[in-house]
Every structure is written in C-alpha cells, then in structure tokens.
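This is my_file.txt. It holds compact mmCIF, C-alpha atoms.
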# COMPACT_ATOMS: atom_id res chain seq x y z
CA MET A 3 77.88 123.72 -24.60
CA SER A 4 77.19 127.39 -24.11
CA ASN A 5 79.05 127.53 -20.78
CA SER A 6 82.41 126.26 -22.06
CA HIS A 7 83.82 129.77 -21.73
CA LEU A 8 83.72 129.36 -17.95
CA PHE A 9 86.29 126.50 -18.09
CA LEU A 10 84.60 124.74 -15.17
CA LYS A 11 85.69 121.28 -14.17
CA SER A 12 82.84 118.78 -14.24
CA GLY A 13 82.10 116.01 -11.82
CA PHE A 14 79.50 114.22 -9.79
CA PRO A 15 78.35 114.82 -6.21
CA ARG A 16 80.64 112.71 -4.09
CA ALA A 17 81.62 112.32 -0.46
CA PRO A 18 85.42 112.15 -0.27
CA LEU A 19 86.58 108.81 1.16
CA GLN A 20 82.95 107.86 2.03
CA ASN A 21 82.85 110.65 4.61
CA GLY A 22 79.90 110.15 6.91
CA LEU A 23 79.59 106.41 6.33
CA GLY A 24 81.56 105.85 9.51
CA ARG A 25 82.87 108.93 11.19
CA TYR A 26 82.10 112.35 9.73
CA VAL A 27 85.08 114.67 9.34
CA CYS A 28 84.35 118.34 8.73
CA GLN A 29 86.07 119.26 5.48
CA LEU A 30 86.47 122.92 6.36
CA GLN A 31 90.01 123.56 7.56
CA ARG A 32 89.98 127.28 8.29
CA VAL A 33 87.66 130.21 7.77
CA THR A 34 88.77 133.83 7.57
CA LEU A 35 86.39 136.72 8.23
CA LYS A 36 87.63 140.01 6.83
CA PHE A 37 85.68 143.15 7.64
CA CYS A 38 85.99 146.89 8.07
CA LYS A 39 85.48 148.30 11.53
CA ASN A 40 83.85 151.45 10.27
CA HIS A 41 82.14 151.00 6.92
CA GLY A 42 78.39 150.21 6.73
CA ALA A 43 78.79 147.29 4.37
CA SER A 44 80.50 145.31 7.13
CA ARG A 45 77.73 145.96 9.64
CA GLY A 46 76.21 142.51 9.41
CA MET A 47 79.64 140.92 9.60
CA ARG A 48 80.49 142.97 12.69
CA GLU A 49 77.22 141.98 14.35
CA TYR A 50 77.86 138.34 13.59
CA ILE A 51 81.40 138.53 14.97
CA GLU A 52 80.19 140.22 18.14
CA ASN A 53 77.28 137.88 18.81
CA HIS A 54 77.64 134.48 17.16
CA LEU A 55 81.23 133.85 16.10
CA VAL A 56 82.48 132.52 19.45
CA ASP A 57 79.62 130.01 19.58
CA PHE A 58 80.49 128.91 16.03
CA ALA A 59 84.11 128.44 17.00
CA LYS A 60 83.17 126.46 20.10
CA GLU A 61 80.76 124.23 18.16
CA ASN A 62 83.41 123.48 15.51
CA PRO A 63 86.70 122.80 17.30
CA GLY A 64 88.16 121.34 14.10
CA VAL A 65 87.82 124.60 12.19
CA VAL A 66 90.35 127.38 12.71
CA VAL A 67 88.68 130.80 12.71
CA TYR A 68 90.65 133.90 11.75
CA VAL A 69 89.26 137.41 12.06
CA LYS A 70 91.01 140.12 10.06
CA PRO A 71 89.91 143.73 10.38
CA ARG A 72 90.84 145.44 7.10
CA ARG A 73 90.14 149.13 6.60
CA HIS A 74 88.31 150.55 3.54
CA ARG A 75 87.56 147.11 2.13
CA GLY A 76 84.38 145.11 1.87
CA PRO A 77 83.54 142.14 4.10
CA VAL A 78 84.74 138.79 2.85
CA LEU A 79 84.38 135.18 3.99
CA VAL A 80 87.17 132.86 2.90
CA GLY A 81 86.91 129.13 3.55
CA GLU A 82 89.83 126.76 2.98
CA TYR A 83 89.26 123.05 2.75
CA LEU A 84 91.19 119.88 3.43
CA ASN A 85 91.55 119.14 -0.29
CA GLY A 86 93.16 122.55 -0.88
CA ASP A 87 90.09 124.30 -2.31
CA ARG A 88 89.49 127.92 -1.44
CA GLU A 89 86.04 129.55 -1.48
CA TRP A 90 85.94 133.37 -1.48
CA LEU A 91 82.58 134.96 -0.63
CA TYR A 92 81.97 138.69 -0.88
CA CYS A 93 79.22 139.48 1.63
CA ARG A 94 78.80 143.22 1.27
CA ASN A 95 75.61 144.47 2.99
CA ALA A 96 74.79 140.98 4.21
CA SER A 97 72.87 140.67 7.46
CA LYS A 98 74.21 138.57 10.32
CA ASP A 99 71.66 135.85 9.50
CA ASP A 100 72.95 135.71 5.91
CA ILE A 101 76.51 135.40 7.18
CA SER A 102 75.59 132.60 9.57
CA LYS A 103 73.89 130.80 6.66
CA TRP A 104 76.94 131.25 4.43
CA LEU A 105 79.17 129.93 7.21
CA GLU A 106 76.87 126.96 7.58
CA LEU A 107 77.28 126.31 3.84
CA LEU A 108 81.06 126.58 4.06
CA LYS A 109 81.05 124.16 6.98
CA THR A 110 78.97 121.51 5.24
CA GLN A 111 80.69 121.67 1.81
CA ASN A 112 83.55 119.33 1.00
CA GLY A 113 85.20 121.75 -1.43
CA SER A 114 84.37 124.90 -3.31
CA SER A 115 80.91 124.29 -4.82
CA SER A 116 81.21 127.04 -7.42
CA SER A 117 84.21 125.47 -9.14
CA LEU A 118 82.51 122.19 -10.12
CA ARG A 119 79.81 121.67 -12.72
CA LEU A 120 77.67 118.79 -11.49
CA ARG A 121 76.83 116.48 -14.38
CA LYS A 122 74.11 114.72 -12.37
CA MET A 123 72.39 115.95 -9.23
CA TRP A 124 72.50 112.49 -7.68
CA HIS A 125 74.89 109.63 -7.11
CA THR A 126 74.37 105.97 -6.16
CA ASP A 127 76.87 103.21 -5.60
CA LEU A 128 74.08 100.70 -6.27
CA PRO A 129 72.11 101.83 -9.33
CA SER A 130 70.44 98.43 -9.76
CA ILE A 131 68.53 96.33 -7.24
CA GLN A 132 67.58 93.43 -9.52
CA GLY A 133 70.94 93.36 -11.24
CA PRO A 134 71.59 95.30 -14.45
CA TRP A 135 70.84 93.85 -17.86
CA THR A 136 73.65 91.86 -19.48
CA PRO A 137 73.60 89.95 -22.79
CA PHE A 138 73.43 86.79 -20.68
CA THR A 139 70.40 87.86 -18.58
CA LEU A 140 67.82 86.20 -20.83
CA ARG A 141 70.04 83.43 -22.20
CA SER A 142 69.64 79.94 -20.85
CA PRO A 143 72.79 77.81 -20.36
CA GLU A 144 70.94 75.02 -22.25
CA ALA A 145 71.74 76.93 -25.42
CA ASN A 146 75.35 75.73 -24.97
CA MET A 147 74.27 72.06 -25.11
CA VAL A 148 72.58 72.28 -28.50
CA THR A 149 74.17 70.28 -31.35
CA TYR A 150 73.73 71.75 -34.80
CA PRO A 151 72.10 71.10 -37.24
CA ASN A 152 68.96 71.21 -35.07
CA PRO A 153 65.50 70.88 -36.70
CA SER A 154 63.60 72.99 -34.14
CA ALA A 155 66.20 75.75 -34.39
CA SER A 156 65.99 75.68 -38.18
CA ARG A 157 62.27 76.43 -38.22
CA PRO A 158 61.48 80.05 -39.15
CA LEU A 159 60.24 82.21 -36.28
CA ASP A 160 56.99 83.62 -37.66
CA VAL A 161 55.25 81.59 -40.35
CA GLU A 162 52.00 83.12 -41.55
CA GLN A 163 49.21 80.81 -42.63
CA SER A 164 49.39 80.23 -46.38
CA ALA A 165 46.31 80.73 -48.56
CA THR A 166 45.85 76.97 -49.00
CA GLU A 167 45.80 76.40 -45.26
CA LYS A 168 43.28 79.20 -44.81
CA LEU A 169 41.00 77.64 -47.40
CA VAL A 170 41.30 74.21 -45.74
CA GLU A 171 40.35 75.73 -42.40
CA LEU A 172 37.36 77.52 -43.88
CA PHE A 173 36.25 74.29 -45.56
CA LYS A 174 36.46 72.34 -42.31
CA LYS A 175 34.48 75.00 -40.45
CA GLN A 176 31.84 74.96 -43.15
CA ARG A 177 31.66 71.16 -43.04
CA PHE A 178 31.17 71.14 -39.27
CA ALA A 179 28.51 73.84 -39.57
CA ASP A 180 26.70 71.80 -42.30
CA GLU A 181 26.84 68.67 -40.11
CA ALA A 182 25.39 70.53 -37.14
CA LEU A 183 22.56 71.88 -39.32
CA GLU A 184 21.76 68.39 -40.59
CA GLU A 185 21.64 67.03 -37.04
CA LYS A 186 19.20 69.77 -36.00
CA ARG A 187 17.00 69.06 -39.01
CA ALA A 188 17.04 65.34 -38.14
CA GLU A 189 15.75 66.22 -34.65
CA MET B 3 103.10 172.98 -35.52
CA VAL B 4 101.83 169.37 -35.38
CA SER B 5 99.23 168.44 -37.95
CA PRO B 6 95.89 167.71 -36.31
CA THR B 7 94.78 165.47 -39.23
CA LEU B 8 96.35 162.28 -37.88
CA ALA B 9 94.74 162.73 -34.48
CA LEU B 10 91.37 163.32 -36.12
CA PHE B 11 91.57 159.90 -37.81
CA VAL B 12 91.57 158.13 -34.44
CA ARG B 13 87.95 157.64 -33.57
CA SER B 14 86.64 155.96 -30.45
CA LYS B 15 83.15 154.48 -30.42
CA GLY B 16 82.53 155.76 -26.91
CA PRO B 17 83.59 155.48 -23.25
CA ASP B 18 82.01 152.03 -22.81
CA GLU B 19 83.78 150.44 -25.75
CA PHE B 20 86.08 148.37 -23.54
CA TRP B 21 83.28 146.81 -21.54
CA ARG B 22 81.06 146.32 -24.57
CA LYS B 23 83.83 144.35 -26.24
CA ARG B 24 84.72 142.54 -23.03
CA ARG B 25 81.20 141.07 -22.96
CA ILE B 26 81.94 139.43 -26.30
CA PHE B 27 85.48 138.36 -25.43
CA LYS B 28 84.29 136.62 -22.26
CA LEU B 29 82.03 134.40 -24.34
CA ALA B 30 84.83 133.74 -26.82
CA ALA B 31 87.43 132.68 -24.23
CA HIS B 32 87.49 129.07 -25.42
CA PHE B 33 87.74 129.82 -29.16
CA ARG B 34 90.83 129.24 -31.27
CA GLY B 35 93.19 131.86 -32.71
CA ARG B 36 92.06 135.35 -33.74
CA LYS B 37 88.43 134.47 -32.97
CA ARG B 38 89.44 134.73 -29.33
CA ASN B 39 91.32 138.04 -29.46
CA CYS B 40 90.15 140.23 -32.33
CA TYR B 41 86.78 141.88 -31.82
CA SER B 42 85.42 142.15 -35.33
CA ILE B 43 86.19 138.46 -35.95
CA ALA B 44 85.04 137.33 -32.50
CA VAL B 45 81.64 139.03 -32.76
CA ARG B 46 80.62 136.93 -35.74
CA TYR B 47 81.59 133.66 -34.12
CA VAL B 48 80.08 134.54 -30.77
CA HIS B 49 76.75 135.26 -32.45
CA ARG B 50 76.92 131.90 -34.27
CA ALA B 51 77.77 130.16 -30.99
CA LEU B 52 74.76 131.71 -29.27
CA VAL B 53 72.50 130.66 -32.13
CA TYR B 54 73.84 127.10 -31.92
CA ALA B 55 73.24 127.12 -28.16
CA THR B 56 69.62 128.18 -28.70
CA LYS B 57 68.99 125.55 -31.33
CA GLY B 58 70.87 122.91 -29.34
CA ARG B 59 68.54 123.12 -26.34
CA LYS B 60 65.68 121.72 -28.43
CA LEU B 61 67.93 119.20 -30.20
CA LYS B 62 69.27 117.85 -26.90
CA LYS B 63 65.75 117.02 -25.76
CA MET B 64 65.00 115.35 -29.10
CA ASP B 65 68.26 113.37 -28.97
CA MET B 66 67.65 112.12 -25.46
CA ALA B 67 64.07 111.10 -26.30
CA GLU B 68 65.35 109.20 -29.35
CA LEU B 69 68.00 107.44 -27.24
CA TRP B 70 65.49 106.38 -24.61
CA SER B 71 63.03 105.15 -27.26
CA ARG B 72 65.74 103.07 -28.91
CA ARG B 73 66.71 101.52 -25.58
CA VAL B 74 63.09 100.66 -24.69
CA GLN B 75 62.61 99.22 -28.18
CA ALA B 76 65.68 97.02 -27.76
CA GLY B 77 64.32 95.82 -24.44
CA CYS B 78 60.84 94.96 -25.63
CA GLU B 79 61.94 93.46 -28.97
CA GLN B 80 63.68 90.78 -26.90
CA TYR B 81 60.24 89.58 -25.93
CA GLY B 82 58.75 89.84 -29.40
CA ILE B 83 56.66 92.99 -29.04
CA THR B 84 57.11 96.21 -30.99
CA LEU B 85 57.65 99.58 -29.31
CA ASP B 86 54.38 101.06 -30.61
CA THR B 87 52.32 98.14 -29.33
CA PHE B 88 54.19 98.21 -26.01
CA LYS B 89 53.49 101.89 -25.45
CA ASP B 90 49.92 101.57 -26.66
CA THR B 91 49.12 98.70 -24.30
CA LEU B 92 50.76 100.48 -21.35
CA THR B 93 48.57 103.53 -21.88
CA ARG B 94 45.52 101.30 -22.25
CA ASN B 95 46.39 99.79 -18.87
CA ASN B 96 46.83 103.28 -17.37
CA ILE B 97 50.59 102.86 -16.86
CA LEU B 98 51.88 106.31 -17.76
CA LEU B 99 55.63 105.79 -17.45
CA ASN B 100 57.69 108.07 -19.65
CA LYS B 101 60.47 107.01 -22.02
CA LYS B 102 63.20 107.87 -19.50
CA SER B 103 61.72 105.73 -16.71
CA LEU B 104 61.05 102.84 -19.09
CA SER B 105 64.62 102.91 -20.39
CA ASP B 106 66.01 103.04 -16.85
CA LEU B 107 63.87 100.04 -15.91
CA ALA B 108 64.92 98.15 -19.02
CA ILE B 109 68.60 98.65 -18.18
CA TRP B 110 68.73 98.48 -14.40
CA GLU B 111 65.59 96.57 -13.43
CA PRO B 112 65.09 93.86 -16.10
CA LYS B 113 62.66 91.79 -14.03
CA SER B 114 60.29 94.73 -13.52
CA PHE B 115 60.56 95.54 -17.20
CA GLU B 116 59.67 91.94 -18.00
CA THR B 117 56.50 92.12 -15.92
CA LEU B 118 55.49 95.22 -17.88
CA VAL B 119 56.15 93.42 -21.14
CA LYS B 120 54.11 90.39 -20.04
CA LEU B 121 51.23 92.66 -19.11
CA SER B 122 51.41 94.45 -22.44
CA ARG B 123 51.55 91.17 -24.37
CA GLU B 124 48.41 89.96 -22.64
CA ARG B 125 46.63 93.22 -23.35
CA ALA B 126 47.77 93.14 -26.97
CA VAL B 127 46.32 89.65 -27.36
CA VAL B 128 43.04 90.68 -25.73
CA ASP B 129 42.70 93.84 -27.82
CA SER B 130 44.10 91.97 -30.88
CA LEU B 131 46.74 94.59 -31.63
CA PRO B 132 49.43 93.98 -34.26
CA GLY B 133 53.10 93.92 -33.37
CA LEU B 134 53.36 90.58 -31.54
CA THR B 135 55.80 87.97 -32.78
CA GLU B 136 56.75 84.48 -31.72
CA ARG B 137 60.27 84.11 -30.44
CA SER B 138 62.61 81.22 -30.97
CA VAL B 139 62.74 79.04 -27.90
CA MET B 140 66.08 77.44 -28.74
CA ASN B 141 68.48 80.29 -28.28
CA GLN B 142 66.57 82.48 -25.87
CA VAL B 143 64.47 81.77 -22.84
CA TYR B 144 61.18 83.64 -22.61
CA GLY B 145 61.81 85.54 -19.48
CA LEU B 146 63.75 85.23 -16.30
CA ALA B 147 61.17 82.95 -14.69
CA ASN B 148 62.18 80.11 -16.98
CA LEU B 149 65.87 80.49 -16.29
CA LYS B 150 67.15 77.34 -14.63
CA LEU B 151 70.21 77.79 -12.48
CA ASP B 152 72.26 74.86 -11.14
CA LYS B 153 71.95 75.03 -7.38
Please render this file's structure as structure tokens.
Amino acid sequence: MSNSHLFLKSGFPRAPLQNGLGRYVCQLQRVTLKFCKNHGASRGMREYIENHLVDFAKENPGVVVYVKPRRHRGPVLVGEYLNGDREWLYCRNASKDDISKWLELLKTQNGSSSSLRLRKMWHTDLPSIQGPWTPFTLRSPEANMVTYPNPSASRPLDVEQSATEKLVELFKKQRFADEALEEKRAE
Amino acid sequence: MVSPTLALFVRSKGPDEFWRKRRIFKLAAHFRGRKRNCYSIAVRYVHRALVYATKGRKLKKMDMAELWSRRVQAGCEQYGITLDTFKDTLTRNNILLNKKSLSDLAIWEPKSFETLVKLSRERAVVDSLPGLTERSVMNQVYGLANLKLDK
C-alpha cells in the first residue's frame, strides 16, 4: 500500500459497546480551547468563546470544557475521549462557525478519527437476511440415506446423443412424414 | 594559516536540501535498513515504491473483478449454467447487476441468487444458448425449494 509510511492503525466503523442502541453516552470527556487574547488568528476562537461556548457547555453537561489563554500561540482545539484518544486540531484563522462545526465533530466522534484507517465505510451485524451460503445449503439430507453402489448415481451427468441414436431419430421422423403423405394422397 | 582546500571540498546542494530529502525520507519510513536512512539509497527505492503504487491501482481493480467473477461462477455452476451464459441471459433480460453485486448475492442471499439463475436458465433454453448442463439429482437438490426439512 502506498500509505504504509503513515503507520495508521486500521479498523472498521464501530460504536463502542453498542453505544446508542440503548442509552447514548457522549464519548468526549473534555475539550480544551487554547487561544491568544491578542493575535488575529485567534479571532474566530475568541468570538466563539464569547458568544457560543457557554451554551455548548450547558448543552453538554458530560463534557468538561477548559479555556486556556496562551500568548503568542495559535488557536488549538484539543478533545480527549473516554477511550484515551486525544484529537489535536489547529484552527488558525478559523471563523466561529468553523469552530462550532469542529466542536460538533469532536462531540459526535467516539475517538480520534484521523488515527484510524477505515477498511470499509460501513458495518453490519447482520450481513445476510436469507442466511449466508454454506456447503450444506443446497444439499438434501436424503443424500445421507443413499446406499452405494447406486445405479442412478452411477449414470453420467451429461450424455450426448450418439450418432446411431441421431440416425434412428431421423429415420423415425422420416417414416412418420412418409406415412402422413400417404394418408393425404389416399384422401 | 589553515588550508582552505578542505573547506572547499564540502559542497551543499542548497538551502532546501534538508526539506527536499525529508520528502523522500517520509515516504521511506517503513523501509528496512539503509533504505530508510541513507538518501542516495532511499531515493531509488522510493521511486520504485511509487511506481508499484501506480501500477497496483489498476491491478487491484483487475484482481477484485477476477475474484467476484470466480465467486459468481462457483455459484451458478452449482445449478449447471456457465458464467458466460448466466451473464448473457441476465443482460438479455435487462438485469444489469455488476459482478460485485452478483457475488454478494451469491454469498449472502442464496435464494435471490437462485431466482436469478432460474430466470437465466429459462432464457437460455428459450434462446437456445449453450452452457446448460444437467445436474445429478442424487447428491444435490436443484434449489432450495425442493429442500425438505423435518418439521
């Protein structure tokens, strides 16, 4: 594969412990918003913190929100998950809408999405409705009751008509045709 | 006085040499031995790896198509019809399922696959196409409809 140099773990899209089947548990444990109070790259982050962060925190009581003002550094979103994963997002020059979308992504993920190569984009617990094919699907249990040697089992599968049989058939057809002609002439 | 000759022998290719080489080393991170760490060796193998990747994209598609064809052939040969006839009759009946879908049906949905095979057998008889064979009744049952279960 040409992406082996990335050393990514591979897996399938899964919900941990069937999350959502019964109760849904938000997998995001804590989110840290680092920003600079002065620099222009953090402007969107600052706007988000001023206007929307408290609502986010109120809507998600299970997520701990940390805000860290850090001078002379770019704005960063760090999400930590219940399985120990850590997702680091550099959102320099991002608008407040972008940051709210990124936070929404962090909230709905169950781990860091960038660290897993998905082998298939889908997952089912029930891949077959009619039952998957097995070697016994088309086998009748009567095959167990057969005693060998068996004449019908010993016959070859596909026997083509031999030349003699073809000639006999042709002869019979011809004879019937001749008989029909004679009958018509008699009439 | 220090001789300037030795210093003159040290030649740098330019200020971007480090990053130019880093581009190659990043692609060679999973190689073995000196191919991973020494530039002049790594370059050759990285170029070969990129060529293999390019060629492999086409080969992967061909391999998957071959795998699916073989699976569909195994499925329809159970019922005594060849793959060519099966595909031909499906197209004649306007069923334009691709190899992937047919192989998935043959594996996971055997009853649906059987209905397709029955349809194709009938069409093959009507259009008198080759590729139909009689199957032995003793050790296989023609289809799931004839399967008798003790209930």
If we count only C-alpha atoms, which residues of chain A reach to within 12 Å of chain B? Please list them as an MDAnalysis selection string.
-> chainID A and resid 3:10 128:150 152:162
I need the residues from that last selection saved to file as an mmCIF file, in the frame of the given file (with C-alpha atoms), if you can.
data_model
loop_
_atom_site.group_PDB
_atom_site.id
_atom_site.type_symbol
_atom_site.label_atom_id
_atom_site.label_comp_id
_atom_site.auth_asym_id
_atom_site.auth_seq_id
_atom_site.Cartn_x
_atom_site.Cartn_y
_atom_site.Cartn_z
ATOM 1 C CA MET A 3 77.880 123.720 -24.600
ATOM 2 C CA SER A 4 77.190 127.390 -24.110
ATOM 3 C CA ASN A 5 79.050 127.530 -20.780
ATOM 4 C CA SER A 6 82.410 126.260 -22.060
ATOM 5 C CA HIS A 7 83.820 129.770 -21.730
ATOM 6 C CA LEU A 8 83.720 129.360 -17.950
ATOM 7 C CA PHE A 9 86.290 126.500 -18.090
ATOM 8 C CA LEU A 10 84.600 124.740 -15.170
ATOM 9 C CA LEU A 128 74.080 100.700 -6.270
ATOM 10 C CA PRO A 129 72.110 101.830 -9.330
ATOM 11 C CA SER A 130 70.440 98.430 -9.760
ATOM 12 C CA ILE A 131 68.530 96.330 -7.240
ATOM 13 C CA GLN A 132 67.580 93.430 -9.520
ATOM 14 C CA GLY A 133 70.940 93.360 -11.240
ATOM 15 C CA PRO A 134 71.590 95.300 -14.450
ATOM 16 C CA TRP A 135 70.840 93.850 -17.860
ATOM 17 C CA THR A 136 73.650 91.860 -19.480
ATOM 18 C CA PRO A 137 73.600 89.950 -22.790
ATOM 19 C CA PHE A 138 73.430 86.790 -20.680
ATOM 20 C CA THR A 139 70.400 87.860 -18.580
ATOM 21 C CA LEU A 140 67.820 86.200 -20.830
ATOM 22 C CA ARG A 141 70.040 83.430 -22.200
ATOM 23 C CA SER A 142 69.640 79.940 -20.850
ATOM 24 C CA PRO A 143 72.790 77.810 -20.360
ATOM 25 C CA GLU A 144 70.940 75.020 -22.250
ATOM 26 C CA ALA A 145 71.740 76.930 -25.420
ATOM 27 C CA ASN A 146 75.350 75.730 -24.970
ATOM 28 C CA MET A 147 74.270 72.060 -25.110
ATOM 29 C CA VAL A 148 72.580 72.280 -28.500
ATOM 30 C CA THR A 149 74.170 70.280 -31.350
ATOM 31 C CA TYR A 150 73.730 71.750 -34.800
ATOM 32 C CA ASN A 152 68.960 71.210 -35.070
ATOM 33 C CA PRO A 153 65.500 70.880 -36.700
ATOM 34 C CA SER A 154 63.600 72.990 -34.140
ATOM 35 C CA ALA A 155 66.200 75.750 -34.390
ATOM 36 C CA SER A 156 65.990 75.680 -38.180
ATOM 37 C CA ARG A 157 62.270 76.430 -38.220
ATOM 38 C CA PRO A 158 61.480 80.050 -39.150
ATOM 39 C CA LEU A 159 60.240 82.210 -36.280
ATOM 40 C CA ASP A 160 56.990 83.620 -37.660
ATOM 41 C CA VAL A 161 55.250 81.590 -40.350
ATOM 42 C CA GLU A 162 52.000 83.120 -41.550
#
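Residues with any atom within 9 Å of range 92-104 of chain B, counting all atoms listed in the file and excluding same-chain neighbours fewer than 3 positions away, are B:Met66, B:Ala67, B:Trp70, B:Ser71, B:Arg73, B:Val74, B:Thr87, B:Phe88, B:Lys89, B:Leu107, B:Ala108, B:Ile109, B:Phe115, B:Leu118, B:Val119, B:Leu121, B:Ser122, B:Arg125.
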When you draw a straight line from CA of Lys120 in chain B to CA of Gln75 in chain B, how long is it in Å?
-> 14.7 Å
One decimal, Å: what's the distance from CA of Gln29 in chain A over to CA of Gly113 in chain A, could you say?
-> 7.4 Å
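Nearest to Pro63 in chain A of all the residues A:Lys109, A:Gly22, A:Trp124, A:Lys36 is A:Lys109, counting all atoms listed in the file.
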Which value, in Å to one decimal, gives the distance between CA of Ile51 in chain A and CA of Tyr83 in chain A?
-> 21.2 Å
B:Ser105, B:Leu10, B:Cys78, B:Cys40: which is nearest Arg24 in chain B, counting all atoms listed in the file?
->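 Ranking B:Ser105, B:Leu10, B:Cys78, B:Cys40 by distance to Arg24 in chain B, first place goes to B:Cys40.
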Of B:Leu131, B:Arg72, B:Lys62, B:Tyr41, the one nearest to Trp21 in chain B when counting all atoms listed in the file is B:Tyr41
